[in-house]
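So this block is start_39.pdb, PDB, C-alpha atoms:
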MODEL        1
ATOM      1  CA  MET T   1      30.830 111.207  12.781
ATOM      2  CA  VAL T   2      33.165 108.375  13.785
ATOM      3  CA  ALA T   3      32.674 105.268  11.664
ATOM      4  CA  LYS T   4      31.767 102.137  13.589
ATOM      5  CA  PRO T   5      32.969  98.590  13.020
ATOM      6  CA  VAL T   6      30.497  96.363  11.189
ATOM      7  CA  TYR T   7      29.514  93.264  13.124
ATOM      8  CA  GLU T   8      27.624  90.290  11.642
ATOM      9  CA  GLU T   9      26.542  86.930  13.026
ATOM     10  CA  ARG T  10      25.403  83.663  11.457
ATOM     11  CA  LEU T  11      24.271  80.367  12.932
ATOM     12  CA  PRO T  12      26.944  77.657  12.831
ATOM     13  CA  LEU T  13      26.380  74.430  10.944
ATOM     14  CA  GLY T  14      27.140  70.853  11.916
ATOM     15  CA  PRO T  15      27.656  69.370  15.388
ATOM     16  CA  LEU T  16      28.630  72.720  16.891
ATOM     17  CA  ARG T  17      25.192  74.263  16.429
ATOM     18  CA  PRO T  18      23.603  73.171  19.756
ATOM     19  CA  TRP T  19      26.588  74.570  21.647
ATOM     20  CA  SER T  20      27.285  77.787  19.764
ATOM     21  CA  PRO T  21      24.978  80.799  19.426
ATOM     22  CA  CYS T  22      26.888  82.089  16.394
ATOM     23  CA  VAL T  23      29.930  82.451  14.228
ATOM     24  CA  TRP T  24      30.719  86.104  13.673
ATOM     25  CA  VAL T  25      32.720  88.606  11.650
ATOM     26  CA  ARG T  26      33.775  92.098  12.702
ATOM     27  CA  ARG T  27      35.108  94.534  10.083
ATOM     28  CA  ALA T  28      36.745  97.807  11.062
ATOM     29  CA  PRO T  29      36.186 100.904   8.882
ATOM     30  CA  GLU T  30      38.675 101.213   6.035
ATOM     31  CA  VAL T  31      39.695 104.718   7.071
ATOM     32  CA  GLY T  32      40.807 105.818  10.537
ATOM     33  CA  ALA T  33      41.288 103.975  13.783
ATOM     34  CA  SER T  34      38.258 102.644  15.672
ATOM     35  CA  THR T  35      37.439 100.646  18.748
ATOM     36  CA  ALA T  36      35.013  97.907  19.697
ATOM     37  CA  ARG T  37      33.527  97.794  23.178
ATOM     38  CA  VAL T  38      33.517  94.237  24.531
ATOM     39  CA  VAL T  39      31.272  93.466  27.497
ATOM     40  CA  PRO T  40      30.794  90.227  29.447
ATOM     41  CA  ASP T  41      28.331  87.768  27.922
ATOM     42  CA  GLY T  42      29.216  84.513  29.690
ATOM     43  CA  CYS T  43      30.674  83.009  26.513
ATOM     44  CA  THR T  44      34.102  81.859  25.339
ATOM     45  CA  ASP T  45      35.293  82.456  21.769
ATOM     46  CA  LEU T  46      37.834  81.124  19.318
ATOM     47  CA  LEU T  47      39.250  84.105  17.386
ATOM     48  CA  TRP T  48      41.156  84.585  14.150
ATOM     49  CA  ARG T  49      42.731  88.034  13.974
ATOM     50  CA  GLN T  50      45.488  89.176  11.628
ATOM     51  CA  GLY T  51      46.579  85.598  11.082
ATOM     52  CA  VAL T  52      46.703  84.797  14.816
ATOM     53  CA  LEU T  53      44.476  82.228  16.516
ATOM     54  CA  ALA T  54      43.526  83.075  20.077
ATOM     55  CA  ILE T  55      41.100  82.130  22.818
ATOM     56  CA  ALA T  56      38.906  84.902  24.172
ATOM     57  CA  GLY T  57      38.198  83.753  27.697
ATOM     58  CA  PRO T  58      35.111  84.750  29.693
ATOM     59  CA  ASP T  59      35.206  88.437  30.583
ATOM     60  CA  THR T  60      34.551  89.775  34.074
ATOM     61  CA  GLY T  61      34.589  93.404  32.949
ATOM     62  CA  HIS T  62      34.308  95.628  29.907
ATOM     63  CA  ARG T  63      37.191  96.629  27.661
ATOM     64  CA  GLU T  64      37.835  98.713  24.567
ATOM     65  CA  VAL T  65      39.564  96.843  21.746
ATOM     66  CA  PRO T  66      41.497  99.087  19.323
ATOM     67  CA  LEU T  67      41.051  98.158  15.661
ATOM     68  CA  ALA T  68      43.372  99.039  12.783
ATOM     69  CA  PRO T  69      41.792 100.486   9.612
ATOM     70  CA  GLY T  70      40.146  97.700   7.652
ATOM     71  CA  GLU T  71      40.971  95.075  10.272
ATOM     72  CA  LEU T  72      39.007  91.825  10.146
ATOM     73  CA  ILE T  73      38.268  89.577  13.120
ATOM     74  CA  VAL T  74      36.468  86.246  12.780
ATOM     75  CA  GLY T  75      35.179  84.216  15.694
ATOM     76  CA  VAL T  76      33.179  81.256  16.920
ATOM     77  CA  ARG T  77      31.255  81.751  20.149
ATOM     78  CA  LEU T  78      30.548  78.950  22.603
ATOM     79  CA  ARG T  79      27.634  79.008  25.034
ATOM     80  CA  PRO T  80      28.213  79.399  28.777
ATOM     81  CA  GLY T  81      29.453  76.052  30.043
ATOM     82  CA  ALA T  82      30.233  74.681  26.558
ATOM     83  CA  ALA T  83      33.879  75.744  26.301
ATOM     84  CA  ARG T  84      35.450  72.288  26.665
ATOM     85  CA  PRO T  85      35.836  71.664  22.879
ATOM     86  CA  LEU T  86      37.986  74.793  22.844
ATOM     87  CA  LEU T  87      39.708  74.554  26.242
ATOM     88  CA  GLY T  88      39.981  70.790  26.687
ATOM     89  CA  GLU T  89      40.556  70.053  30.364
ATOM     90  CA  THR T  90      41.784  73.590  31.120
ATOM     91  CA  PRO T  91      39.295  75.311  33.472
ATOM     92  CA  ALA T  92      37.640  78.407  32.048
ATOM     93  CA  THR T  93      38.834  80.321  35.113
ATOM     94  CA  GLU T  94      42.412  80.026  33.809
ATOM     95  CA  VAL T  95      41.600  82.018  30.667
ATOM     96  CA  ALA T  96      39.190  84.536  32.228
ATOM     97  CA  ASP T  97      39.934  88.103  31.081
ATOM     98  CA  ALA T  98      42.707  86.756  28.856
ATOM     99  CA  GLN T  99      43.382  85.932  25.206
ATOM    100  CA  PRO T 100      46.060  83.237  25.108
ATOM    101  CA  ASP T 101      47.376  81.955  21.801
ATOM    102  CA  LEU T 102      45.537  78.805  20.759
ATOM    103  CA  SER T 103      48.835  76.920  20.446
ATOM    104  CA  GLU T 104      49.217  77.067  24.245
ATOM    105  CA  LEU T 105      46.327  74.603  24.535
ATOM    106  CA  TRP T 106      46.231  72.884  21.133
ATOM    107  CA  GLY T 107      49.926  72.636  20.320
ATOM    108  CA  GLU T 108      50.656  71.469  16.763
ATOM    109  CA  ALA T 109      46.935  71.241  15.977
ATOM    110  CA  ALA T 110      46.716  75.031  16.237
ATOM    111  CA  LEU T 111      49.497  75.415  13.658
ATOM    112  CA  ARG T 112      47.723  73.050  11.258
ATOM    113  CA  LEU T 113      44.492  74.977  11.701
ATOM    114  CA  ARG T 114      46.238  78.260  10.983
ATOM    115  CA  GLU T 115      47.602  76.809   7.734
ATOM    116  CA  ALA T 116      44.114  75.649   6.746
ATOM    117  CA  LEU T 117      42.689  79.110   7.431
ATOM    118  CA  ALA T 118      45.295  80.765   5.239
ATOM    119  CA  ALA T 119      43.795  78.931   2.239
ATOM    120  CA  GLN T 120      40.245  80.185   2.822
ATOM    121  CA  PRO T 121      38.925  82.798   0.362
ATOM    122  CA  GLY T 122      36.825  84.890   2.745
ATOM    123  CA  PRO T 123      35.753  85.520   6.340
ATOM    124  CA  TRP T 124      32.730  83.237   6.396
ATOM    125  CA  GLN T 125      34.813  80.378   5.036
ATOM    126  CA  ILE T 126      37.290  81.090   7.842
ATOM    127  CA  ALA T 127      34.410  80.995  10.334
ATOM    128  CA  ALA T 128      33.183  77.662   8.953
ATOM    129  CA  THR T 129      36.691  76.188   9.201
ATOM    130  CA  LEU T 130      37.004  77.327  12.822
ATOM    131  CA  ALA T 131      33.621  75.792  13.648
ATOM    132  CA  ALA T 132      34.572  72.519  11.950
ATOM    133  CA  ALA T 133      37.831  72.380  13.924
ATOM    134  CA  LEU T 134      35.918  72.735  17.190
ATOM    135  CA  GLY T 135      33.332  70.171  16.116
ATOM    136  CA  ALA T 136      36.099  67.665  15.388
ATOM    137  CA  ARG T 137      37.162  67.823  19.062
ATOM    138  CA  PHE T 138      33.779  66.779  20.471
ATOM    139  CA  ASP T 139      34.640  63.092  20.854
ATOM    140  CA  ALA T 140      37.615  63.903  23.093
ATOM    141  CA  HIS T 141      36.320  67.095  24.696
ATOM    142  CA  ALA T 142      32.530  67.149  24.791
ATOM    143  CA  PRO T 143      30.783  70.130  26.428
ATOM    144  CA  ASP T 144      29.889  69.741  30.095
ATOM    145  CA  ARG T 145      26.153  69.139  29.766
ATOM    146  CA  ILE T 146      25.555  69.639  33.492
ATOM    147  CA  ALA T 147      27.240  73.050  33.484
ATOM    148  CA  VAL T 148      25.360  74.052  30.335
ATOM    149  CA  SER T 149      22.039  72.996  31.872
ATOM    150  CA  VAL T 150      22.778  75.022  35.015
ATOM    151  CA  ALA T 151      23.687  78.061  32.894
ATOM    152  CA  ASP T 152      20.398  77.650  31.034
ATOM    153  CA  ALA T 153      18.501  77.399  34.322
ATOM    154  CA  LEU T 154      20.146  80.608  35.574
ATOM    155  CA  ASP T 155      19.295  82.468  32.371
ATOM    156  CA  CYS T 156      15.849  83.690  33.388
ATOM    157  CA  PRO T 157      14.461  86.623  35.395
ATOM    158  CA  ARG T 158      13.939  84.675  38.625
ATOM    159  CA  PRO T 159      16.144  81.584  38.591
ATOM    160  CA  ARG T 160      16.092  78.829  41.162
ATOM    161  CA  ALA T 161      18.713  78.739  43.872
ATOM    162  CA  ILE T 162      21.857  76.768  43.103
ATOM    163  CA  ALA T 163      21.131  74.534  46.142
ATOM    164  CA  SER T 164      17.810  73.521  44.583
ATOM    165  CA  LEU T 165      19.449  72.812  41.221
ATOM    166  CA  ALA T 166      22.128  70.733  42.947
ATOM    167  CA  ARG T 167      19.525  68.567  44.699
ATOM    168  CA  GLU T 168      17.658  68.036  41.440
ATOM    169  CA  LEU T 169      20.840  67.037  39.596
ATOM    170  CA  GLY T 170      22.075  64.784  42.383
ATOM    171  CA  TYR T 171      25.197  66.731  43.363
ATOM    172  CA  SER T 172      26.280  68.568  46.445
ATOM    173  CA  GLU T 173      25.949  72.326  46.220
ATOM    174  CA  ARG T 174      29.709  72.712  46.668
ATOM    175  CA  HIS T 175      30.469  70.288  43.824
ATOM    176  CA  LEU T 176      28.018  71.987  41.481
ATOM    177  CA  ARG T 177      29.421  75.444  42.230
ATOM    178  CA  ARG T 178      32.950  74.239  41.457
ATOM    179  CA  ARG T 179      31.799  72.527  38.282
ATOM    180  CA  VAL T 180      29.966  75.586  37.001
ATOM    181  CA  GLN T 181      32.932  77.829  37.771
ATOM    182  CA  ALA T 182      35.387  75.513  35.999
ATOM    183  CA  ALA T 183      33.153  75.291  32.921
ATOM    184  CA  THR T 184      32.055  78.928  32.655
ATOM    185  CA  GLY T 185      34.744  80.958  34.419
ATOM    186  CA  TYR T 186      32.228  82.392  36.902
ATOM    187  CA  GLY T 187      30.552  81.407  40.120
ATOM    188  CA  PRO T 188      26.800  80.808  39.699
ATOM    189  CA  LYS T 189      25.769  84.199  41.142
ATOM    190  CA  THR T 190      28.125  86.145  38.899
ATOM    191  CA  LEU T 191      27.035  84.085  35.891
ATOM    192  CA  GLU T 192      23.389  84.816  36.715
ATOM    193  CA  GLN T 193      24.109  88.568  36.819
ATOM    194  CA  ILE T 194      26.008  88.520  33.524
ATOM    195  CA  LEU T 195      23.270  86.554  31.774
ATOM    196  CA  ARG T 196      20.651  88.997  33.054
ATOM    197  CA  PHE T 197      22.781  91.906  31.808
ATOM    198  CA  ARG T 198      23.044  90.221  28.397
ATOM    199  CA  ARG T 199      19.267  89.686  28.187
ATOM    200  CA  SER T 200      18.708  93.327  29.104
ATOM    201  CA  LEU T 201      20.959  94.534  26.271
ATOM    202  CA  GLU T 202      19.158  92.270  23.824
ATOM    203  CA  ALA T 203      15.781  93.582  24.984
ATOM    204  CA  ALA T 204      16.993  97.167  24.594
ATOM    205  CA  GLU T 205      17.895  96.640  20.929
ATOM    206  CA  SER T 206      14.244  96.797  19.887
ATOM    207  CA  ALA T 207      12.893  99.242  22.478
ATOM    208  CA  PRO T 208      15.201 100.698  25.182
ATOM    209  CA  ASP T 209      12.466 101.140  27.798
ATOM    210  CA  TRP T 210      14.710 100.584  30.794
ATOM    211  CA  SER T 211      11.935 100.672  33.384
ATOM    212  CA  ARG T 212      10.083  97.890  31.583
ATOM    213  CA  ILE T 213      13.267  95.923  31.007
ATOM    214  CA  ALA T 214      14.187  96.166  34.695
ATOM    215  CA  ALA T 215      10.815  94.721  35.697
ATOM    216  CA  GLU T 216      10.832  91.962  33.084
ATOM    217  CA  GLN T 217      14.411  90.821  33.707
ATOM    218  CA  GLY T 218      14.171  90.519  37.479
ATOM    219  CA  TYR T 219      15.946  93.663  38.717
ATOM    220  CA  ALA T 220      14.670  95.216  41.924
ATOM    221  CA  ASP T 221      14.039  98.495  40.083
ATOM    222  CA  GLN T 222      15.470 100.678  37.319
ATOM    223  CA  ALA T 223      18.212 102.014  39.586
ATOM    224  CA  HIS T 224      19.353  98.442  40.234
ATOM    225  CA  LEU T 225      19.486  97.817  36.479
ATOM    226  CA  SER T 226      21.486 101.017  35.939
ATOM    227  CA  ARG T 227      24.062 100.009  38.547
ATOM    228  CA  GLN T 228      24.477  96.580  36.995
ATOM    229  CA  VAL T 229      24.770  97.969  33.460
ATOM    230  CA  ARG T 230      27.493 100.369  34.615
ATOM    231  CA  ARG T 231      29.253  97.546  36.422
ATOM    232  CA  TRP T 232      29.427  95.271  33.385
ATOM    233  CA  SER T 233      29.721  97.834  30.581
ATOM    234  CA  GLY T 234      31.277 100.945  32.133
ATOM    235  CA  ALA T 235      28.479 103.082  30.688
ATOM    236  CA  THR T 236      25.000 104.229  31.603
ATOM    237  CA  PRO T 237      22.135 102.339  29.946
ATOM    238  CA  ARG T 238      21.300 105.296  27.699
ATOM    239  CA  ARG T 239      24.893 105.800  26.593
ATOM    240  CA  LEU T 240      25.400 102.100  25.977
ATOM    241  CA  ALA T 241      22.211 101.879  23.892
ATOM    242  CA  ALA T 242      23.373 104.855  21.823
ATOM    243  CA  GLN T 243      26.776 103.262  21.222
ATOM    244  CA  ARG T 244      25.214  99.997  20.100
ATOM    245  CA  ALA T 245      22.733 101.669  17.758
TER     246      ALA T 245
ENDMDL
END
What is this structure when it is put down as structure tokens?
Amino acid sequence: MVAKPVYEERLPLGPLRPWSPCVWVRRAPEVGASTARVVPDGCTDLLWRQGVLAIAGPDTGHREVPLAPGELIVGVRLRPGAARPLLGETPATEVADAQPDLSELWGEAALRLREALAAQPGPWQIAATLAAALGARFDAHAPDRIAVSVADALDCPRPRAIASLARELGYSERHLRRRVQAATGYGPKTLEQILRFRRSLEAAESAPDWSRIAAEQGYADQAHLSRQVRRWSGATPRRLAAQRA
């Protein structure tokens, strides 16, 4: 049996909490090479890996990340639309499917953060330091509350049309589409599909009844769900559930 990486999440503390679903730690097995399957979730992360700070931009496809024996990765995840404390004024579309070094956006501040991380005794202390660094940027780079609210509105089985949301928020549909794309890295329709895919995976963790999940999450039928799961993960629902178990 191939050993799997161990993945753990905790809720962040401080001002980041409303905008971050978790801080997380991934540990590779001590013996042998392994991989981690990364699938789109609509989020943007700040990563610490082997002493390097990087931005994990929003993914538009799945990928396999090779892990060295015993490798440790620590991250802070930001909700869809809430990436501005990490990206500043850089649109999320510019880092989609990419992992640029943090210094490209933060300059000297990234080097100071890396020095602070080197003094931390363990992974959760590293995670807390990353979260604090993001929280300290809120005054200058607050999350786009409009984009976050639209992402929240799209995160349900039968969301309202973007035109209706635009009228309610007092923007033109074109402006709102551009704003959501700049903040999340996706157009509203793609974001809606990714969020539905994410909810489906979460529902399958407790009971992978794909027919029920398809009905509850707003897919036309189970075949529609299967096509979308393969699109975003590269695997069938059954295979993906087995890999995540």
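Running the PyMOL selection byres ((chain T and resi 12) around 6) on this file leaves Leu11, Leu13, Arg17, Cys22 and Val23 of chain T selected.
On the file presented, the PyMOL selection byres ((chain T and resi 21) around 7) picks out Leu11, Trp19, Ser20, Cys22, Arg77, Leu78 and Arg79 of chain T.
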Point out the residue among T:Ser200, T:Thr129, T:Thr90, T:Gln50 with the least atom-to-atom distance to Gly14 (chain T), counting all atoms listed in the file.
T:Thr129
Rank T:Ala166, T:Ala242, T:Ala151, T:Ala33 by their smallest atom-to-atom distance to Pro80 (chain T), using only C-alpha atoms, and report the top residue only.
T:Ala151
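Among the candidate residues T:Ala147, T:Arg63, T:Arg26, T:Glu8, the one lying nearest to Ser233 (chain T) is T:Arg63, with distances computed using all atoms listed in the file.
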Selection dump of the PyMOL selection byres ((chain T and resi 202-216) around 12), as a ChimeraX atom specification:
/T:41,156-158,195-201,217-229,236-245
Looking at all atoms listed in the file, which of T:Leu154, T:Val6, T:Ala161, T:Val25 is the one that sits closest to Ala128 (chain T)?
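Counting all atoms listed in the file, the residue closest to Ala128 (chain T) is T:Val25.
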re CA of Arg230 (chain T) and CA of Gly81 (chain T): distance 24.8 Å
Would you mind reading off the distance between CA of Tyr7 (chain T) and CA of Asp144 (chain T), one decimal, in Å?
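Distance reported for this atom pair: 29.0 Å.
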So, counting all atoms listed in the file, which residue among T:Ala68, T:Leu111, T:Ala131, T:Ile162 is closest to Val52 (chain T)?
T:Leu111
Compare T:Leu72, T:Ala140, T:Ala182, T:Ile146 by their minimum atom-to-atom distance to Ile126 (chain T), counting only C-alpha atoms, and give me the closest one.
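Smallest distance to Ile126 (chain T) is found for T:Leu72.
The spacing separating CA of Leu113 (chain T) from CA of Pro15 (chain T) amounts to 18.1 Å.
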With region 53-62 of chain T as the partner and 10 Å as the cut-off, tabulate the residues of region 161-186 of chain T that qualify, each row holding the nearest pair of atoms and their distance in Å to one decimal, using all atoms listed in the file, sorted by chain and rising number, as a tab-separated table.
residue	atom	partner	partner_atom	distance
T:Thr184	CA	T:Pro58	CA	7.2
T:Gly185	CA	T:Pro58	CA	6.1
T:Tyr186	CA	T:Pro58	CA	8.1
Per-axis box centre and lengths in Å around region 3-13 of chain T, 4 Å margin per side, axis-aligned, as lines of an AutoDock Vina configuration file:
center_x = 28.6
center_y = 89.8
center_z = 12.3
size_x = 16.7
size_y = 38.8
size_z = 10.6
Using all atoms listed in the file, determine which residues lie at most 12 Å from Glu168 (chain T), disregarding the query and same-chain residues fewer than 5 positions distant; provide the list as number ranges by chain.
T: 146, 149-150, 153, 160-163, 173, 176
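Close contacts of Ala142 (chain T), defined as residues with an atom at most 9 Å away when counting all atoms listed in the file, with chain neighbours fewer than 6 positions off set aside, comprise Ala82, Ala83, Arg84, Pro85 and Gly88 of chain T.
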